[in-house]
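What follows is the content of target-v5.cif, which has mmCIF, C-alpha atoms and all ligand atoms:
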```
data_my_file
loop_
_atom_site.group_PDB
_atom_site.id
_atom_site.type_symbol
_atom_site.label_atom_id
_atom_site.label_comp_id
_atom_site.auth_asym_id
_atom_site.auth_seq_id
_atom_site.Cartn_x
_atom_site.Cartn_y
_atom_site.Cartn_z
ATOM 1 C CA MET X 1 99.492 119.443 96.315
ATOM 2 C CA LYS X 2 101.516 121.789 98.500
ATOM 3 C CA LEU X 3 105.279 121.628 98.887
ATOM 4 C CA PHE X 4 106.905 122.451 102.216
ATOM 5 C CA VAL X 5 110.604 122.443 103.042
ATOM 6 C CA ASP X 6 111.585 120.673 106.266
ATOM 7 C CA THR X 7 114.441 122.638 107.811
ATOM 8 C CA GLY X 8 115.583 125.091 110.456
ATOM 9 C CA ASP X 9 118.299 126.463 108.191
ATOM 10 C CA ILE X 10 117.519 129.979 106.961
ATOM 11 C CA GLU X 11 119.684 129.684 103.847
ATOM 12 C CA GLU X 12 117.855 126.503 102.842
ATOM 13 C CA VAL X 13 114.512 128.263 103.283
ATOM 14 C CA ARG X 14 115.774 131.174 101.179
ATOM 15 C CA GLN X 15 116.853 128.769 98.396
ATOM 16 C CA ALA X 16 113.522 126.913 98.385
ATOM 17 C CA ALA X 17 111.599 130.215 98.419
ATOM 18 C CA ASP X 18 113.621 131.469 95.431
ATOM 19 C CA TRP X 19 112.282 128.608 93.299
ATOM 20 C CA GLY X 20 108.810 130.143 93.675
ATOM 21 C CA VAL X 21 107.002 126.888 94.444
ATOM 22 C CA LEU X 22 107.187 126.857 98.224
ATOM 23 C CA ASP X 23 103.952 126.741 100.234
ATOM 24 C CA GLY X 24 105.361 126.459 103.727
ATOM 25 C CA VAL X 25 108.077 125.311 106.111
ATOM 26 C CA THR X 26 108.118 122.649 108.798
ATOM 27 C CA THR X 27 110.585 122.687 111.660
ATOM 28 C CA ASN X 28 111.033 120.367 114.613
ATOM 29 C CA PRO X 29 113.116 120.619 117.808
ATOM 30 C CA THR X 30 116.007 118.674 116.237
ATOM 31 C CA LEU X 31 116.131 120.921 113.165
ATOM 32 C CA ILE X 32 115.940 124.081 115.316
ATOM 33 C CA ALA X 33 118.707 122.772 117.596
ATOM 34 C CA LYS X 34 120.859 122.115 114.499
ATOM 35 C CA SER X 35 120.382 125.715 113.307
ATOM 36 C CA GLY X 36 122.389 126.964 116.311
ATOM 37 C CA LYS X 37 120.049 129.973 116.666
ATOM 38 C CA GLN X 38 117.256 130.830 119.090
ATOM 39 C CA PHE X 39 113.836 129.371 118.210
ATOM 40 C CA LYS X 40 111.883 132.635 117.945
ATOM 41 C CA GLU X 41 114.575 134.346 115.869
ATOM 42 C CA THR X 42 114.694 131.433 113.403
ATOM 43 C CA VAL X 43 110.931 131.111 113.080
ATOM 44 C CA LEU X 44 110.400 134.846 112.542
ATOM 45 C CA LYS X 45 113.102 134.936 109.868
ATOM 46 C CA ILE X 46 111.401 131.999 108.119
ATOM 47 C CA CYS X 47 108.050 133.849 108.267
ATOM 48 C CA GLU X 48 109.722 136.830 106.589
ATOM 49 C CA LEU X 49 111.224 134.681 103.810
ATOM 50 C CA VAL X 50 107.964 132.823 103.074
ATOM 51 C CA PRO X 51 105.360 135.575 103.567
ATOM 52 C CA ASN X 52 102.325 133.563 102.419
ATOM 53 C CA GLY X 53 103.412 130.191 103.799
ATOM 54 C CA ALA X 54 102.337 128.049 106.714
ATOM 55 C CA ILE X 55 105.257 127.872 109.139
ATOM 56 C CA SER X 56 105.160 125.015 111.653
ATOM 57 C CA ALA X 57 106.770 125.602 115.050
ATOM 58 C CA GLU X 58 106.653 122.825 117.645
ATOM 59 C CA VAL X 59 105.921 122.923 121.364
ATOM 60 C CA VAL X 60 108.317 120.938 123.551
ATOM 61 C CA ALA X 61 106.468 120.440 126.853
ATOM 62 C CA THR X 62 104.596 117.181 127.403
ATOM 63 C CA ASP X 63 101.987 118.226 129.980
ATOM 64 C CA TYR X 64 98.810 119.986 128.868
ATOM 65 C CA ASP X 65 99.156 123.221 130.883
ATOM 66 C CA THR X 66 102.722 123.950 129.799
ATOM 67 C CA MET X 67 101.987 122.861 126.223
ATOM 68 C CA LEU X 68 99.095 125.347 126.134
ATOM 69 C CA LYS X 69 101.309 128.184 127.423
ATOM 70 C CA GLU X 70 103.996 127.349 124.842
ATOM 71 C CA ALA X 71 101.407 127.063 122.070
ATOM 72 C CA LEU X 72 99.900 130.478 122.836
ATOM 73 C CA GLU X 73 103.373 132.020 123.023
ATOM 74 C CA VAL X 74 104.496 130.517 119.687
ATOM 75 C CA ALA X 75 101.188 131.382 117.975
ATOM 76 C CA SER X 76 101.534 135.018 119.115
ATOM 77 C CA TRP X 77 104.818 135.465 117.205
ATOM 78 C CA HIS X 78 103.302 135.653 113.715
ATOM 79 C CA PRO X 79 99.902 134.988 112.061
ATOM 80 C CA ASN X 80 101.426 132.421 109.675
ATOM 81 C CA ILE X 81 102.653 130.178 112.455
ATOM 82 C CA VAL X 82 101.020 126.772 112.770
ATOM 83 C CA VAL X 83 101.542 125.213 116.197
ATOM 84 C CA LYS X 84 103.081 121.773 115.878
ATOM 85 C CA VAL X 85 101.910 119.346 118.551
ATOM 86 C CA PRO X 86 102.947 115.706 119.057
ATOM 87 C CA LEU X 87 100.319 112.998 119.029
ATOM 88 C CA ILE X 88 100.247 112.249 122.753
ATOM 89 C CA GLU X 89 97.172 112.407 125.006
ATOM 90 C CA PRO X 90 97.654 116.022 126.182
ATOM 91 C CA GLY X 91 98.660 116.887 122.614
ATOM 92 C CA VAL X 92 95.292 115.795 121.231
ATOM 93 C CA SER X 93 93.500 117.751 123.994
ATOM 94 C CA LEU X 94 95.629 120.781 123.120
ATOM 95 C CA ILE X 95 94.806 120.504 119.406
ATOM 96 C CA LYS X 96 91.105 120.539 120.296
ATOM 97 C CA THR X 97 91.556 123.635 122.509
ATOM 98 C CA LEU X 98 93.578 125.473 119.859
ATOM 99 C CA SER X 99 91.209 124.453 117.090
ATOM 100 C CA ASP X 100 88.243 125.812 119.102
ATOM 101 C CA ARG X 101 90.145 129.096 119.455
ATOM 102 C CA GLY X 102 90.877 129.282 115.702
ATOM 103 C CA ILE X 103 94.614 128.565 116.085
ATOM 104 C CA ARG X 104 96.006 126.306 113.359
ATOM 105 C CA THR X 105 97.825 123.126 114.371
ATOM 106 C CA ASN X 106 100.075 120.499 112.814
ATOM 107 C CA CYS X 107 99.748 117.173 114.613
ATOM 108 C CA THR X 108 103.159 115.519 114.388
ATOM 109 C CA LEU X 109 104.654 112.069 114.957
ATOM 110 C CA VAL X 110 101.667 110.342 113.395
ATOM 111 C CA PHE X 111 102.404 106.831 112.129
ATOM 112 C CA SER X 112 99.022 105.110 111.877
ATOM 113 C CA VAL X 113 95.520 105.812 110.635
ATOM 114 C CA SER X 114 94.111 105.255 114.144
ATOM 115 C CA GLN X 115 96.352 108.060 115.432
ATOM 116 C CA ALA X 116 95.320 110.186 112.447
ATOM 117 C CA LEU X 117 91.661 109.665 113.400
ATOM 118 C CA LEU X 118 92.307 111.266 116.820
ATOM 119 C CA ALA X 119 94.130 114.202 115.217
ATOM 120 C CA ALA X 120 91.349 114.752 112.681
ATOM 121 C CA LYS X 121 88.600 114.559 115.317
ATOM 122 C CA ALA X 122 90.461 117.082 117.493
ATOM 123 C CA GLY X 123 90.507 119.473 114.518
ATOM 124 C CA ALA X 124 94.172 119.403 113.456
ATOM 125 C CA THR X 125 94.815 121.617 110.437
ATOM 126 C CA PHE X 126 97.606 119.304 109.237
ATOM 127 C CA ILE X 127 98.277 115.671 110.117
ATOM 128 C CA SER X 128 101.991 114.921 109.737
ATOM 129 C CA ASN X 129 102.270 111.328 108.692
ATOM 130 C CA PHE X 130 105.900 110.168 108.910
ATOM 131 C CA VAL X 131 106.902 107.702 106.183
ATOM 132 C CA GLY X 132 110.714 107.404 106.215
ATOM 133 C CA ARG X 133 110.907 106.387 109.852
ATOM 134 C CA VAL X 134 108.449 103.542 109.183
ATOM 135 C CA ASP X 135 110.364 102.413 106.096
ATOM 136 C CA ASP X 136 113.495 102.427 108.295
ATOM 137 C CA ILE X 137 112.007 99.632 110.396
ATOM 138 C CA SER X 138 111.176 97.532 107.320
ATOM 139 C CA ASP X 139 107.523 98.522 107.075
ATOM 140 C CA ASP X 140 105.704 100.556 104.406
ATOM 141 C CA GLY X 141 105.132 104.088 105.660
ATOM 142 C CA MET X 142 102.848 104.947 102.750
ATOM 143 C CA VAL X 143 100.127 102.527 103.899
ATOM 144 C CA ALA X 144 99.069 104.874 106.716
ATOM 145 C CA VAL X 145 99.185 107.848 104.323
ATOM 146 C CA ARG X 146 96.826 106.145 101.862
ATOM 147 C CA ASP X 147 94.496 105.017 104.664
ATOM 148 C CA THR X 148 94.466 108.508 106.190
ATOM 149 C CA VAL X 149 93.659 110.190 102.863
ATOM 150 C CA ASP X 150 90.767 107.717 102.415
ATOM 151 C CA MET X 151 89.556 108.397 105.959
ATOM 152 C CA ILE X 152 89.607 112.178 105.428
ATOM 153 C CA HIS X 153 87.478 111.826 102.283
ATOM 154 C CA THR X 154 85.128 109.158 103.657
ATOM 155 C CA TYR X 155 84.253 111.127 106.781
ATOM 156 C CA ASP X 156 84.730 114.600 105.329
ATOM 157 C CA PHE X 157 87.282 115.696 107.929
ATOM 158 C CA LYS X 158 88.797 119.119 107.305
ATOM 159 C CA SER X 159 92.412 118.168 108.168
ATOM 160 C CA GLU X 160 95.047 118.045 105.429
ATOM 161 C CA VAL X 161 97.385 115.060 105.175
ATOM 162 C CA LEU X 162 101.013 116.168 105.316
ATOM 163 C CA VAL X 163 103.534 113.522 104.268
ATOM 164 C CA ALA X 164 106.638 113.955 106.431
ATOM 165 C CA SER X 165 109.915 112.131 107.000
ATOM 166 C CA VAL X 166 110.418 112.110 103.247
ATOM 167 C CA ARG X 167 113.711 110.484 102.288
ATOM 168 C CA HIS X 168 113.700 110.404 98.464
ATOM 169 C CA PRO X 169 111.733 111.640 95.421
ATOM 170 C CA LEU X 170 109.786 108.348 95.183
ATOM 171 C CA HIS X 171 108.146 109.240 98.517
ATOM 172 C CA VAL X 172 106.946 112.469 96.879
ATOM 173 C CA VAL X 173 105.587 110.551 93.867
ATOM 174 C CA GLN X 174 103.794 108.120 96.192
ATOM 175 C CA ALA X 175 102.395 111.030 98.235
ATOM 176 C CA ILE X 176 100.938 112.508 95.022
ATOM 177 C CA GLN X 177 99.503 109.122 94.012
ATOM 178 C CA ALA X 178 97.928 108.732 97.470
ATOM 179 C CA GLY X 179 96.244 112.135 97.105
ATOM 180 C CA ALA X 180 98.041 113.672 100.102
ATOM 181 C CA HIS X 181 97.542 117.423 100.422
ATOM 182 C CA ILE X 182 101.135 118.324 101.305
ATOM 183 C CA ALA X 183 104.634 116.847 101.278
ATOM 184 C CA THR X 184 107.423 118.299 103.400
ATOM 185 C CA MET X 185 111.017 117.405 102.639
ATOM 186 C CA PRO X 186 114.629 118.434 103.186
ATOM 187 C CA LEU X 187 115.975 120.911 100.619
ATOM 188 C CA LYS X 188 118.218 118.177 99.187
ATOM 189 C CA ILE X 189 115.179 116.071 98.252
ATOM 190 C CA MET X 190 113.349 119.109 96.834
ATOM 191 C CA SER X 191 116.326 119.846 94.584
ATOM 192 C CA MET X 192 116.253 116.226 93.360
ATOM 193 C CA LEU X 193 112.698 116.769 92.043
ATOM 194 C CA PHE X 194 114.186 118.910 89.250
ATOM 195 C CA LYS X 195 116.390 116.115 87.959
ATOM 196 C CA HIS X 196 115.899 114.005 84.868
ATOM 197 C CA PRO X 197 118.759 112.813 82.637
ATOM 198 C CA LEU X 198 116.684 113.482 79.490
ATOM 199 C CA THR X 199 116.238 117.117 80.568
ATOM 200 C CA ASP X 200 120.019 117.591 80.781
ATOM 201 C CA LYS X 201 120.597 115.714 77.515
ATOM 202 C CA GLY X 202 117.811 117.556 75.709
ATOM 203 C CA LEU X 203 118.979 120.976 76.877
ATOM 204 C CA LYS X 204 122.548 120.261 75.796
ATOM 205 C CA GLN X 205 121.379 119.275 72.334
ATOM 206 C CA PHE X 206 119.140 122.363 71.941
ATOM 207 C CA LEU X 207 121.965 124.680 72.948
ATOM 208 C CA ASP X 208 124.595 122.936 70.803
ATOM 209 C CA ASP X 209 122.334 123.186 67.721
ATOM 210 C CA TRP X 210 121.479 126.813 68.470
ATOM 211 C CA ASN X 211 125.106 127.842 68.975
ATOM 212 C CA LYS X 212 126.290 125.967 65.860
ATOM 213 C CA ALA X 213 123.769 127.954 63.809
ATOM 214 C CA GLY X 214 125.082 131.231 65.318
ATOM 215 C CA LEU X 215 121.610 132.343 66.507
ATOM 216 C CA HIS X 216 120.789 134.801 69.275
ATOM 217 C CA ILE X 217 117.782 136.223 71.142
ATOM 218 C CA LEU X 218 119.338 139.363 72.618
ATOM 219 C CA GLU X 219 121.343 141.674 70.347
ATOM 220 C CA PRO X 220 125.054 140.910 70.967
HETATM 221 C C1 LIG P 301 108.145 116.739 109.881
HETATM 222 O O1 LIG P 301 107.577 117.769 110.109
HETATM 223 C C2 LIG P 301 109.408 116.344 110.497
HETATM 224 O O2 LIG P 301 110.106 117.509 110.860
HETATM 225 C C3 LIG P 301 110.305 115.578 109.568
HETATM 226 O O3 LIG P 301 109.710 115.316 108.333
HETATM 227 C C4 LIG P 301 110.987 114.417 110.213
HETATM 228 O O4 LIG P 301 111.804 113.795 109.264
HETATM 229 P P1 LIG P 301 112.933 112.720 109.661
HETATM 230 O O5 LIG P 301 112.263 111.437 109.962
HETATM 231 O O6 LIG P 301 113.789 112.637 108.438
HETATM 232 O O7 LIG P 301 113.659 113.297 110.846
#
```
Could I get this file's structure written as structure tokens?
Amino acid sequence: MKLFVDTGDIEEVRQAADWGVLDGVTTNPTLIAKSGKQFKETVLKICELVPNGAISAEVVATDYDTMLKEALEVASWHPNIVVKVPLIEPGVSLIKTLSDRGIRTNCTLVFSVSQALLAAKAGATFISNFVGRVDDISDDGMVAVRDTVDMIHTYDFKSEVLVASVRHPLHVVQAIQAGAHIATMPLKIMSMLFKHPLTDKGLKQFLDDWNKAGLHILEP
């Protein structure tokens, strides 16, 4: 199970990278716009901070020819860049073209297993299945994740299922239970994965007992 951070904020990427468990970064046009910096500058800085990670950078055109130009431009910036492409008709055609040329893609805005089928058949490296946005409209976003994982295994597709639009740690737990390959989440949610009240309580007790006994590891 890979962990990605979902952000366009360099300091957040640096923090997640410092924990030593980061496998990649996803960005989207909204997150890049929020960063207040130019797209290329932000993406290249992220590539530097996560040298072995997959860094998703999204095209913004919606017609095939311009999407292809943008995709080739973005892919030329760094070998770790994965071109993020929305699941629209020209997007699926573009994923097929890029896949045939050996360029990795992340098919985004996927909400159903039927959409995921198109992404997988086109050769998407990652299929970004959004869960939070489905939960927001009173449906269960994890259903499509489970169905997509089953589909990948049943038909032996090579795509990896990336659980996106993660809103809380339970989404991460459910992504693990579904057998998803990757979960991407805001830094705030990643930091919540550390938390357990018994960890805090247990650590306090260990340290109180140790200090009361006047013990040390390093020579004072
Ligand atoms: C995924 O790559 C998207 O950037 C992201 O997970 C969207 O999350 P949101 O629904 O919280 O905006």
So that I can check the surroundings of Leu187 (chain X), please list as a compact mmCIF listing (two decimals) with C-alpha atoms, in the frame of the given file every protein, DNA and RNA residue that reaches within 10 Å of it, counting all atoms listed in the file and ignoring chain neighbours fewer than 2 positions away.
```
# COMPACT_ATOMS: atom_id res chain seq x y z
CA PHE X 4 106.90 122.45 102.22
CA VAL X 5 110.60 122.44 103.04
CA ASP X 6 111.58 120.67 106.27
CA THR X 7 114.44 122.64 107.81
CA ASP X 9 118.30 126.46 108.19
CA GLU X 12 117.86 126.50 102.84
CA VAL X 13 114.51 128.26 103.28
CA GLN X 15 116.85 128.77 98.40
CA ALA X 16 113.52 126.91 98.38
CA THR X 184 107.42 118.30 103.40
CA MET X 185 111.02 117.40 102.64
CA ILE X 189 115.18 116.07 98.25
CA MET X 190 113.35 119.11 96.83
CA SER X 191 116.33 119.85 94.58
CA MET X 192 116.25 116.23 93.36
```
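Counting all atoms listed in the file and comparing X:Thr97, X:Ser159, X:Asn28, X:Gln115, the residue that lies closest to ligand LIG 301 (chain P) is X:Asn28.
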Given the file shown, determine the residues that the PyMOL selection byres (((not hetatm)) within 6 of (chain P and resi 301)) selects; report them as a list in words. Asp6, Thr26, Thr27, Asn28, Gly132, Arg133, Ala164 and Ser165 of chain X
Cut-off 12 Å: closest region 134-180 of chain X/region 103-111 of chain X atom pairs per residue, using only C-alpha atoms, as a tab-separated table:
```
residue	atom	partner	partner_atom	distance
X:Val134	CA	X:Phe111	CA	7.5
X:Asp135	CA	X:Phe111	CA	10.9
X:Asp139	CA	X:Phe111	CA	11.0
X:Asp140	CA	X:Phe111	CA	10.5
X:Gly141	CA	X:Phe111	CA	7.5
X:Met142	CA	X:Phe111	CA	9.6
X:Val143	CA	X:Phe111	CA	9.6
X:Ala144	CA	X:Phe111	CA	6.7
X:Val145	CA	X:Phe111	CA	8.5
X:Arg146	CA	X:Phe111	CA	11.7
X:Asp147	CA	X:Phe111	CA	11.0
X:Thr148	CA	X:Phe111	CA	10.1
X:Lys158	CA	X:Arg104	CA	11.8
X:Ser159	CA	X:Asn106	CA	9.3
X:Glu160	CA	X:Asn106	CA	9.3
X:Val161	CA	X:Asn106	CA	9.8
X:Leu162	CA	X:Asn106	CA	8.7
X:Val163	CA	X:Val110	CA	9.8
X:Ala164	CA	X:Thr108	CA	8.8
X:Ser165	CA	X:Leu109	CA	9.5
```
When the PyMOL selection byres (((chain X and resi 90) around 8) and not hetatm) is applied to the structure above, which residues does it catch, written out as a list in words?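 Applied to this file, the PyMOL selection byres (((chain X and resi 90) around 8) and not hetatm) selects Thr62, Asp63, Tyr64, Ile88, Glu89, Gly91, Val92, Ser93 and Leu94 of chain X.
Here CA of Pro51 (chain X) stands at a distance of 18.0 Å from CA of Phe39 (chain X).
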Mind pulling up the distance from CA of Gly24 (chain X) to CA of Ile55 (chain X)?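 Straight-line distance from CA of Ile55 (chain X) to CA of Gly24 (chain X) works out to 5.6 Å.
Selection result for the displayed file, with the PyMOL selection byres (((chain X and resi 172) around 10) and not hetatm) as criterion, is Leu3, Val163, Ala164, Val166, Arg167, His168, Pro169, Leu170, His171, Val173, Gln174, Ala175, Ile176, Gln177, Ala178, Ala180, Ile182, Ala183, Thr184, Met185, Ile189, Met190 and Leu193 of chain X.
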Measuring atom to atom with all atoms listed in the file, identify which of X:Asp65, X:Glu41, X:Glu48, X:Asp100 is nearest to Ala17 (chain X). X:Glu48
Hey, which of X:Ile127, X:Leu49, X:Ala116, X:Leu198 ends up closest to Glu11 (chain X)? Count only C-alpha atoms.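 Of all the options, X:Leu49 lies closest to Glu11 (chain X).
CA of Lys2 (chain X) lies 27.9 Å from CA of Gly36 (chain X).
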Polymer residues at most 10 Å from Ala57 (chain X), only C-alpha atoms, same-chain spacing of 4 or more positions, as number ranges by chain: X: 8, 25-29, 32, 39-40, 42-43, 71, 74-75, 81-85, 105-106
